[in-house]
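Everything on this sheet refers to the single structure shown next.
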Amino acid sequence: MGRAVTVAACALNQWALDFEGNLKRIVKSIGIAKSSGARYRLGPELEICGYGCLDHYYESDTLLHSFQVLAKLLESPATQDIICDVGMPVLHRNVRYNCRVIFLNKKILLIRPKISLANTGNYRELRWFTPWTKARHVEEYFLPRIIQEVTGQETVPFGDAVLATKDTCLGAEICEELWAPNSPHIEMGLDGVEIFANSSGSHHVLRKAHTRVDLVNSATAKNGGIYILANQKGCDGDRLYYDGCAMISMNGETVAQGSQFSLDDVEVLVATLDLEDVRSYRAEISSRNLAASKVDPYPRVKVNFALSSSDDVAVPICMPIQWRHHSPEEEISLGPACWLWDYLRRSKQAGFLLPLSGGIDSSATACIVYSMCHQVCLAVKNGNADVLADVCRIVNDETYVPEDPREFCKRIFTTCYMASENSSQDTCNRAKLLAEQIGSYHINLNIDAAVKAVVGIFSMVTGRTPLFSVFGGSKRENLALQNVQARIRMVLAYLFAQLTLWTRGMPGGLLVLGSANVDESLRGYLTKYDCSSADINPIGGISKTDLKNFIQYCIENFHLTALRSIMSAPPTAELEPLVDGQVAQTDEMDMGMTYAELSIYGKLRKIAKTGPYSMFCKLINMWKEICAPREVASKVKHFFRMYSLNRHKMTTLTPSYHAENYSPDDNRFDLRPFLYNTTWSWQFRCIDKEVSKLEQKEEISLVVDTD
């Protein structure tokens, strides 16, 4: 009959500029797709060079090596008798484009440049690429000699076209084009395209997966059709984790779902679908058919190949499924854990070191490492040879097989409680008990000697000895003494990371993990160059509220009972003297705001794009039941004073897993000055005027009520 088509979407853990590894993963995915009966294979965006090449896209080497890999793919027996759709940068008439290269049996069918470039948030595609603005226009592309020698072609079509096979019509979208208001699939569908293929480089954000799924399903709900989405997965060299979620949808319903978090470098999703289901679905939508009769046609590249076979009556067809979404707590458990694993194995280090304070943030970081150990053991149990090979190299033992997460944790994870005279026995005990339950190699040490030595040098030079405020010292003295403790902890963390394994007779060094959450970074509630300064931070993009929920998840799912007392204890830096042996300092008292308030400020500042005045205007309505306008004004002013005063700390913020859209990451996500006029005189005066107006109205209404 020629109506059942089998297609494959791939999620690949590509690595920027790892041309050797990227080629192997692409070839492997094509082999899996072919063995599963697929006749069309779609890969992630820019999969040949890796999505995160950043300014390396400017280099001619990146273009050269991409074409070298393409030549290898064209020559490979694995790519024969299957339409392969791969991503790479291409220079056309001295303009660089983000492209799909679609080929079959050593012949390039079409080079399709990206039309809508991602240029918000973490994305800067307009920095390196130019969008293709010539709708439904195709030009000749002159192939480099290295490709001509393989294909025998001098030129190939380059532009906005679709493929017409013997049995159907296929069109390409690239990542952002699905999210655009005028997505190409709309017009392509009206012009008779039945299969839409989207290659993406889409990263994980908490609670985002459903948006992507809804967009894919809605793409074919109105217009009918088959939608294939491939996505990158893993850490390809920076703060983002690409979360896979390859999927195939038909007529508005999901028929195949890939994993969101996985240690498998290559995942291939295959589905067999009936083209007649698309045609019958479209046939009864009269509004669609009227629009189709007026659409401008796309250039069609004819392909002498069919995605179906002539004898397919008995071929089983995939049926709709219900998409299973992870809870935010599961996302925190899995996403940063996979990111840490990629970073660990690709950095060729021997494990992690974490200053474990006994508080929620460092405990959450420890739980993420423990979750990573769970994922590794599970992957090895399921026969993942690549993960096992990485494990053996990390622990320097070719015979080792990780079976128990706690035992594996002992080998690769060192925790360190750095006590001072201001530390309580409670936090020491909590850190020790958690370390025992997750299995980490735990160190207890005291930093008082180092603190006294540093302060002693200052006193010897200046003749003055600073005091804590409880002993009569000024605010400046009090803060300086806290900062000395915090910074010495950072120095010791790096010393122990470099030499701990040496003392145990083991090779290698450890990556230092930070554990400042997104809310503390936003407020600047951290010491510059303290334990928040580390190699990487898995929780730096996660809010305190979400971390508390994650801790509860770990209690229930990992049975870590030590976390119960950590959950119930008030967050504290433990940098000021104890009072009667008990902690008197708390984070929220120090900050002058609650963590719940901080999350609201963060979302309004970044996501809602409010300055002080607009934030005040929104909050007087949000908080009208709990705060008077003057109190709201005071809170907003305090937040912006502290935010602007401490913004300079974001320039040295440890690279963190990106998980929240209100992250203050100064690298490229949240671009702001770091030297502010912290008085905000004009903005605050506007707030004061509004407060006066509101209070006058309130007084008038009270008088009227009295009368």
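Quick note on naming: the chains in the structure tokens go A, B, ... in the order shown, residues restart at 1 in each chain, and ligands are numbered from 1 in order of appearance.
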Pick out each residue of range 105-160 of chain A that DSSP on the backbone tags as alpha helix (DSSP H); I need them as a list in words.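 Taking range 105-160 of chain A and keeping alpha helix (DSSP H) only, one gets Glu125, Leu126, Arg127, Trp128, Arg145, Ile146, Ile147, Gln148, Glu149, Val150 and Thr151 of chain A.
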Who sits within 8 Å of Ala38 in chain A, only C-alpha atoms, same chain under 4 positions skipped, as a VMD selection string: chain A and resid 5 to 8 33 to 34 82 270 307
Can I get the selection written as an mmCIF file, in the first residue's frame, with N, CA and C atoms?
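This is the output file again_39.cif:
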data_model
loop_
_atom_site.group_PDB
_atom_site.id
_atom_site.type_symbol
_atom_site.label_atom_id
_atom_site.label_comp_id
_atom_site.auth_asym_id
_atom_site.auth_seq_id
_atom_site.Cartn_x
_atom_site.Cartn_y
_atom_site.Cartn_z
ATOM 1 N N VAL A 5 5.004 4.686 7.417
ATOM 2 C CA VAL A 5 6.367 5.217 7.399
ATOM 3 C C VAL A 5 7.003 5.009 8.768
ATOM 4 N N THR A 6 8.277 4.647 8.772
ATOM 5 C CA THR A 6 9.021 4.467 10.018
ATOM 6 C C THR A 6 10.111 5.526 10.086
ATOM 7 N N VAL A 7 10.066 6.329 11.144
ATOM 8 C CA VAL A 7 10.983 7.462 11.294
ATOM 9 C C VAL A 7 11.671 7.385 12.646
ATOM 10 N N ALA A 8 12.832 8.057 12.750
ATOM 11 C CA ALA A 8 13.616 8.010 13.985
ATOM 12 C C ALA A 8 14.038 9.402 14.410
ATOM 13 N N ALA A 33 18.866 3.358 14.228
ATOM 14 C CA ALA A 33 17.645 3.724 13.495
ATOM 15 C C ALA A 33 17.396 2.746 12.348
ATOM 16 N N LYS A 34 18.445 2.434 11.586
ATOM 17 C CA LYS A 34 18.290 1.506 10.462
ATOM 18 C C LYS A 34 17.883 0.115 10.930
ATOM 19 N N ILE A 82 19.036 5.223 3.888
ATOM 20 C CA ILE A 82 18.254 5.920 4.905
ATOM 21 C C ILE A 82 18.500 7.416 4.716
ATOM 22 N N VAL A 270 11.996 5.493 17.764
ATOM 23 C CA VAL A 270 11.482 5.069 16.455
ATOM 24 C C VAL A 270 9.977 4.871 16.533
ATOM 25 N N LEU A 307 9.684 6.410 2.092
ATOM 26 C CA LEU A 307 9.810 6.139 3.533
ATOM 27 C C LEU A 307 8.967 4.932 3.941
#
With only C-alpha atoms counted and 8 Å as the cut-off, give the residues of range 153-229 of chain A in contact with range 240-245 of chain A, each with its shortest interatomic distance in Å and the pair that gives it, as CSV.
residue,atom,partner,partner_atom,distance
A:Gly201,CA,A:Tyr242,CA,6.8
A:Ser202,CA,A:Tyr242,CA,5.8
A:His203,CA,A:Tyr242,CA,4.0
A:His204,CA,A:Asp243,CA,5.3
A:Ala209,CA,A:Cys245,CA,7.9
Which polymer residues have any atom within 7 Å of an atom of range 138-153 of chain A, counting only C-alpha atoms, with same-chain residues fewer than 4 positions away left out, as a list of chain:residue names? A:Ala71, A:Glu75, A:His92, A:Lys106, A:Lys107, A:Pro157, A:Phe158, A:Gly159, A:Asp160, A:Ala161
Create the file for the chosen residues now, containing all heavy atoms and written as a PDB file, in the first residue's frame.
ATOM      1  N   ALA A  71      31.850  14.472   5.382  1.00  0.00           N
ATOM      2  CA  ALA A  71      32.411  13.577   4.363  1.00  0.00           C
ATOM      3  C   ALA A  71      32.487  12.144   4.881  1.00  0.00           C
ATOM      4  O   ALA A  71      32.167  11.190   4.152  1.00  0.00           O
ATOM      5  CB  ALA A  71      33.798  14.070   3.943  1.00  0.00           C
ATOM      6  N   GLU A  75      30.417   8.851   3.373  1.00  0.00           N
ATOM      7  CA  GLU A  75      31.143   7.649   2.943  1.00  0.00           C
ATOM      8  C   GLU A  75      30.744   6.405   3.726  1.00  0.00           C
ATOM      9  O   GLU A  75      30.954   5.284   3.263  1.00  0.00           O
ATOM     10  CB  GLU A  75      32.649   7.863   3.104  1.00  0.00           C
ATOM     11  CG  GLU A  75      33.236   8.900   2.171  1.00  0.00           C
ATOM     12  CD  GLU A  75      34.681   9.224   2.504  1.00  0.00           C
ATOM     13  OE1 GLU A  75      35.067   9.057   3.672  1.00  0.00           O
ATOM     14  OE2 GLU A  75      35.422   9.636   1.600  1.00  0.00           O
ATOM     15  N   HIS A  92      27.758  30.270   3.338  1.00  0.00           N
ATOM     16  CA  HIS A  92      27.215  30.411   1.981  1.00  0.00           C
ATOM     17  C   HIS A  92      27.356  31.863   1.548  1.00  0.00           C
ATOM     18  O   HIS A  92      26.808  32.778   2.181  1.00  0.00           O
ATOM     19  CB  HIS A  92      25.742  29.993   1.976  1.00  0.00           C
ATOM     20  CG  HIS A  92      25.031  30.209   0.680  1.00  0.00           C
ATOM     21  ND1 HIS A  92      25.466  29.704  -0.518  1.00  0.00           N
ATOM     22  CD2 HIS A  92      23.882  30.909   0.401  1.00  0.00           C
ATOM     23  CE1 HIS A  92      24.630  30.050  -1.488  1.00  0.00           C
ATOM     24  NE2 HIS A  92      23.661  30.788  -0.950  1.00  0.00           N
ATOM     25  N   LYS A 106      25.010   8.948  -0.374  1.00  0.00           N
ATOM     26  CA  LYS A 106      26.157   9.736  -0.831  1.00  0.00           C
ATOM     27  C   LYS A 106      25.779  10.944  -1.682  1.00  0.00           C
ATOM     28  O   LYS A 106      26.627  11.511  -2.373  1.00  0.00           O
ATOM     29  CB  LYS A 106      27.167   8.861  -1.596  1.00  0.00           C
ATOM     30  CG  LYS A 106      27.823   7.782  -0.751  1.00  0.00           C
ATOM     31  CD  LYS A 106      28.936   7.084  -1.528  1.00  0.00           C
ATOM     32  CE  LYS A 106      29.608   6.027  -0.664  1.00  0.00           C
ATOM     33  NZ  LYS A 106      30.698   5.346  -1.386  1.00  0.00           N
ATOM     34  N   LYS A 107      24.527  11.355  -1.639  1.00  0.00           N
ATOM     35  CA  LYS A 107      24.087  12.537  -2.367  1.00  0.00           C
ATOM     36  C   LYS A 107      23.411  13.500  -1.389  1.00  0.00           C
ATOM     37  O   LYS A 107      22.509  13.092  -0.625  1.00  0.00           O
ATOM     38  CB  LYS A 107      23.101  12.187  -3.487  1.00  0.00           C
ATOM     39  CG  LYS A 107      23.652  11.250  -4.555  1.00  0.00           C
ATOM     40  CD  LYS A 107      24.741  11.926  -5.401  1.00  0.00           C
ATOM     41  CE  LYS A 107      25.229  10.971  -6.489  1.00  0.00           C
ATOM     42  NZ  LYS A 107      26.346  11.583  -7.279  1.00  0.00           N
ATOM     43  N   PRO A 157      20.961  22.232  -3.720  1.00  0.00           N
ATOM     44  CA  PRO A 157      19.996  23.268  -3.319  1.00  0.00           C
ATOM     45  C   PRO A 157      20.268  23.769  -1.902  1.00  0.00           C
ATOM     46  O   PRO A 157      20.544  22.985  -0.992  1.00  0.00           O
ATOM     47  CB  PRO A 157      18.649  22.556  -3.410  1.00  0.00           C
ATOM     48  CG  PRO A 157      18.889  21.334  -4.223  1.00  0.00           C
ATOM     49  CD  PRO A 157      20.303  20.946  -4.010  1.00  0.00           C
ATOM     50  N   PHE A 158      20.175  25.088  -1.719  1.00  0.00           N
ATOM     51  CA  PHE A 158      20.394  25.723  -0.420  1.00  0.00           C
ATOM     52  C   PHE A 158      19.265  26.725  -0.208  1.00  0.00           C
ATOM     53  O   PHE A 158      19.118  27.672  -0.991  1.00  0.00           O
ATOM     54  CB  PHE A 158      21.743  26.453  -0.410  1.00  0.00           C
ATOM     55  CG  PHE A 158      22.120  27.064   0.917  1.00  0.00           C
ATOM     56  CD1 PHE A 158      23.053  26.452   1.736  1.00  0.00           C
ATOM     57  CD2 PHE A 158      21.551  28.259   1.352  1.00  0.00           C
ATOM     58  CE1 PHE A 158      23.418  27.020   2.959  1.00  0.00           C
ATOM     59  CE2 PHE A 158      21.896  28.820   2.566  1.00  0.00           C
ATOM     60  CZ  PHE A 158      22.837  28.201   3.367  1.00  0.00           C
ATOM     61  N   GLY A 159      18.445  26.504   0.825  1.00  0.00           N
ATOM     62  CA  GLY A 159      17.378  27.457   1.094  1.00  0.00           C
ATOM     63  C   GLY A 159      16.145  26.842   1.707  1.00  0.00           C
ATOM     64  O   GLY A 159      16.193  25.748   2.296  1.00  0.00           O
ATOM     65  N   ASP A 160      15.037  27.539   1.539  1.00  0.00           N
ATOM     66  CA  ASP A 160      13.771  27.185   2.182  1.00  0.00           C
ATOM     67  C   ASP A 160      12.951  26.305   1.235  1.00  0.00           C
ATOM     68  O   ASP A 160      12.146  26.798   0.449  1.00  0.00           O
ATOM     69  CB  ASP A 160      13.010  28.471   2.528  1.00  0.00           C
ATOM     70  CG  ASP A 160      11.739  28.221   3.311  1.00  0.00           C
ATOM     71  OD1 ASP A 160      11.600  27.125   3.874  1.00  0.00           O
ATOM     72  OD2 ASP A 160      10.885  29.131   3.337  1.00  0.00           O
ATOM     73  N   ALA A 161      13.179  25.003   1.327  1.00  0.00           N
ATOM     74  CA  ALA A 161      12.491  24.054   0.447  1.00  0.00           C
ATOM     75  C   ALA A 161      12.071  22.842   1.260  1.00  0.00           C
ATOM     76  O   ALA A 161      12.425  22.699   2.437  1.00  0.00           O
ATOM     77  CB  ALA A 161      13.409  23.632  -0.703  1.00  0.00           C
TER      78      ALA A 161
END
Would you pick out the contacts of Gly359 in chain A at 9 Å or less, using only C-alpha atoms, so that residues sharing its chain but fewer than 3 positions from it are not included, and give the list as a VMD selection string? chain A and resid 356 362 to 364 427 430 to 431 566 to 567 569 to 573
Please indicate the distance in Å from CA of Leu104 in chain A to CA of Cys318 in chain A, rounded to one decimal place.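 Interatomic distance here is 25.4 Å.
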Looking at A:Leu110, A:Leu190, A:Cys49, A:Ala419, which one is nearest to Ser286 in chain A, with distances taken over only C-alpha atoms?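 Result for the nearest residue to Ser286 in chain A: A:Leu190.
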For range 482-491 of chain A, find every residue with an atom within 9 Å (counting only C-alpha atoms), except residues of its own chain fewer than 5 positions away, and show them as a list in words. Pro355, Met418, Ser420, Ile447, Asp448, Ala450, Val451, Val454, Val455, Phe468, Glu477, Phe496, Leu526, Thr527, Lys528, Tyr529, Asp530, Cys531, Ser532, Ser533, Ala534, Glu574, Leu575 and Glu576 of chain A
Mind dumping the selected residues with C-alpha atoms as a JSON list (two decimals), in the first residue's frame?
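Written file, selection_25.json:
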[["chain", "number", "residue", "atom", "x", "y", "z"],
["A", 355, "PRO", "CA", 32.22, 21.63, 52.10],
["A", 418, "MET", "CA", 34.96, 22.89, 58.53],
["A", 420, "SER", "CA", 35.04, 27.09, 63.87],
["A", 447, "ILE", "CA", 39.66, 26.30, 60.99],
["A", 448, "ASP", "CA", 40.21, 28.38, 64.16],
["A", 450, "ALA", "CA", 44.00, 29.50, 60.42],
["A", 451, "VAL", "CA", 41.51, 32.29, 61.27],
["A", 454, "VAL", "CA", 45.21, 35.63, 59.49],
["A", 455, "VAL", "CA", 43.64, 38.04, 61.98],
["A", 468, "PHE", "CA", 32.51, 40.81, 66.69],
["A", 477, "GLU", "CA", 34.60, 44.59, 62.04],
["A", 496, "PHE", "CA", 41.94, 19.22, 50.35],
["A", 526, "LEU", "CA", 27.47, 35.32, 50.17],
["A", 527, "THR", "CA", 31.09, 36.23, 50.71],
["A", 528, "LYS", "CA", 33.02, 36.92, 47.53],
["A", 529, "TYR", "CA", 35.61, 34.12, 47.22],
["A", 530, "ASP", "CA", 34.21, 31.94, 49.99],
["A", 531, "CYS", "CA", 32.85, 28.39, 49.69],
["A", 532, "SER", "CA", 30.42, 29.66, 47.08],
["A", 533, "SER", "CA", 33.54, 29.97, 44.90],
["A", 534, "ALA", "CA", 34.06, 26.51, 43.51],
["A", 574, "GLU", "CA", 27.30, 30.16, 61.66],
["A", 575, "LEU", "CA", 29.88, 32.91, 61.30],
["A", 576, "GLU", "CA", 29.02, 34.91, 64.43]]
Of the candidates A:Val313, A:Met372, A:Ala385, A:Leu354, which one gets nearest to Tyr441 in chain A if we count only C-alpha atoms?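 Going through A:Val313, A:Met372, A:Ala385, A:Leu354 one by one, the smallest distance to Tyr441 in chain A is for A:Leu354.
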Give me the residues within 12 Å of range 693-702 of chain A as a ChimeraX atom specification, counting only C-alpha atoms and dropping any in the same chain fewer than 6 places off. /A:617,620,624,628-631,633,686-687
Test item: residues at most 8 Å from range 597-604 of chain A, only C-alpha atoms, excluding those fewer than 6 positions along its chain, as a list in words: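 Using only C-alpha atoms, the neighbours found are Asp519, Leu522, Arg523, Ser543, Thr610, Met615, Phe639, Asn661, Tyr662 and Ser663 of chain A.
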May I have the residues from that selection written out with N, CA and C atoms, as a PDB file, in the first residue's frame?
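Full text of selection39.pdb as output:
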ATOM      1  N   ASP A 519      18.575  32.218  45.067  1.00  0.00           N
ATOM      2  CA  ASP A 519      18.053  33.343  45.832  1.00  0.00           C
ATOM      3  C   ASP A 519      19.169  34.081  46.570  1.00  0.00           C
ATOM      4  N   LEU A 522      21.058  36.154  44.084  1.00  0.00           N
ATOM      5  CA  LEU A 522      20.284  37.337  43.706  1.00  0.00           C
ATOM      6  C   LEU A 522      20.427  38.433  44.751  1.00  0.00           C
ATOM      7  N   ARG A 523      20.351  38.092  46.004  1.00  0.00           N
ATOM      8  CA  ARG A 523      20.455  39.045  47.114  1.00  0.00           C
ATOM      9  C   ARG A 523      21.909  39.428  47.400  1.00  0.00           C
ATOM     10  N   SER A 543      15.941  27.566  43.489  1.00  0.00           N
ATOM     11  CA  SER A 543      15.494  28.399  44.610  1.00  0.00           C
ATOM     12  C   SER A 543      15.515  27.620  45.917  1.00  0.00           C
ATOM     13  N   THR A 610      10.713  43.978  35.817  1.00  0.00           N
ATOM     14  CA  THR A 610      10.323  45.168  36.573  1.00  0.00           C
ATOM     15  C   THR A 610      11.534  45.827  37.220  1.00  0.00           C
ATOM     16  N   MET A 615       7.946  47.006  40.289  1.00  0.00           N
ATOM     17  CA  MET A 615       7.840  45.929  41.274  1.00  0.00           C
ATOM     18  C   MET A 615       6.938  46.357  42.430  1.00  0.00           C
ATOM     19  N   PHE A 639      15.324  45.439  49.061  1.00  0.00           N
ATOM     20  CA  PHE A 639      15.803  44.444  48.096  1.00  0.00           C
ATOM     21  C   PHE A 639      16.703  45.084  47.046  1.00  0.00           C
ATOM     22  N   ASN A 661      14.498  30.546  35.383  1.00  0.00           N
ATOM     23  CA  ASN A 661      14.510  31.672  34.461  1.00  0.00           C
ATOM     24  C   ASN A 661      14.700  33.017  35.153  1.00  0.00           C
ATOM     25  N   TYR A 662      14.854  33.025  36.494  1.00  0.00           N
ATOM     26  CA  TYR A 662      15.200  34.287  37.138  1.00  0.00           C
ATOM     27  C   TYR A 662      16.623  34.250  37.710  1.00  0.00           C
ATOM     28  N   SER A 663      17.443  33.368  37.166  1.00  0.00           N
ATOM     29  CA  SER A 663      18.839  33.285  37.582  1.00  0.00           C
ATOM     30  C   SER A 663      19.556  34.617  37.360  1.00  0.00           C
TER      31      SER A 663
END
Ranking A:Gly351, A:Pro336, A:Pro316, A:Gly383 by minimum distance to Asp264 in chain A and counting only C-alpha atoms, which one comes first? A:Gly383
Can you work out which one of A:Asn22, A:Lys618, A:Leu126, A:Ile360 has the shortest atom-to-atom distance to Lys548 in chain A, counting only C-alpha atoms?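 Closest candidate: A:Ile360.
Of the residues under consideration (A:Lys544, A:Lys432, A:His374, A:Arg288), A:His374 shows the shortest atom-to-atom contact distance to Glu403 in chain A when counting only C-alpha atoms.
Between CA of Asn646 in chain A and CA of Asp590 in chain A the separation is 14.2 Å.
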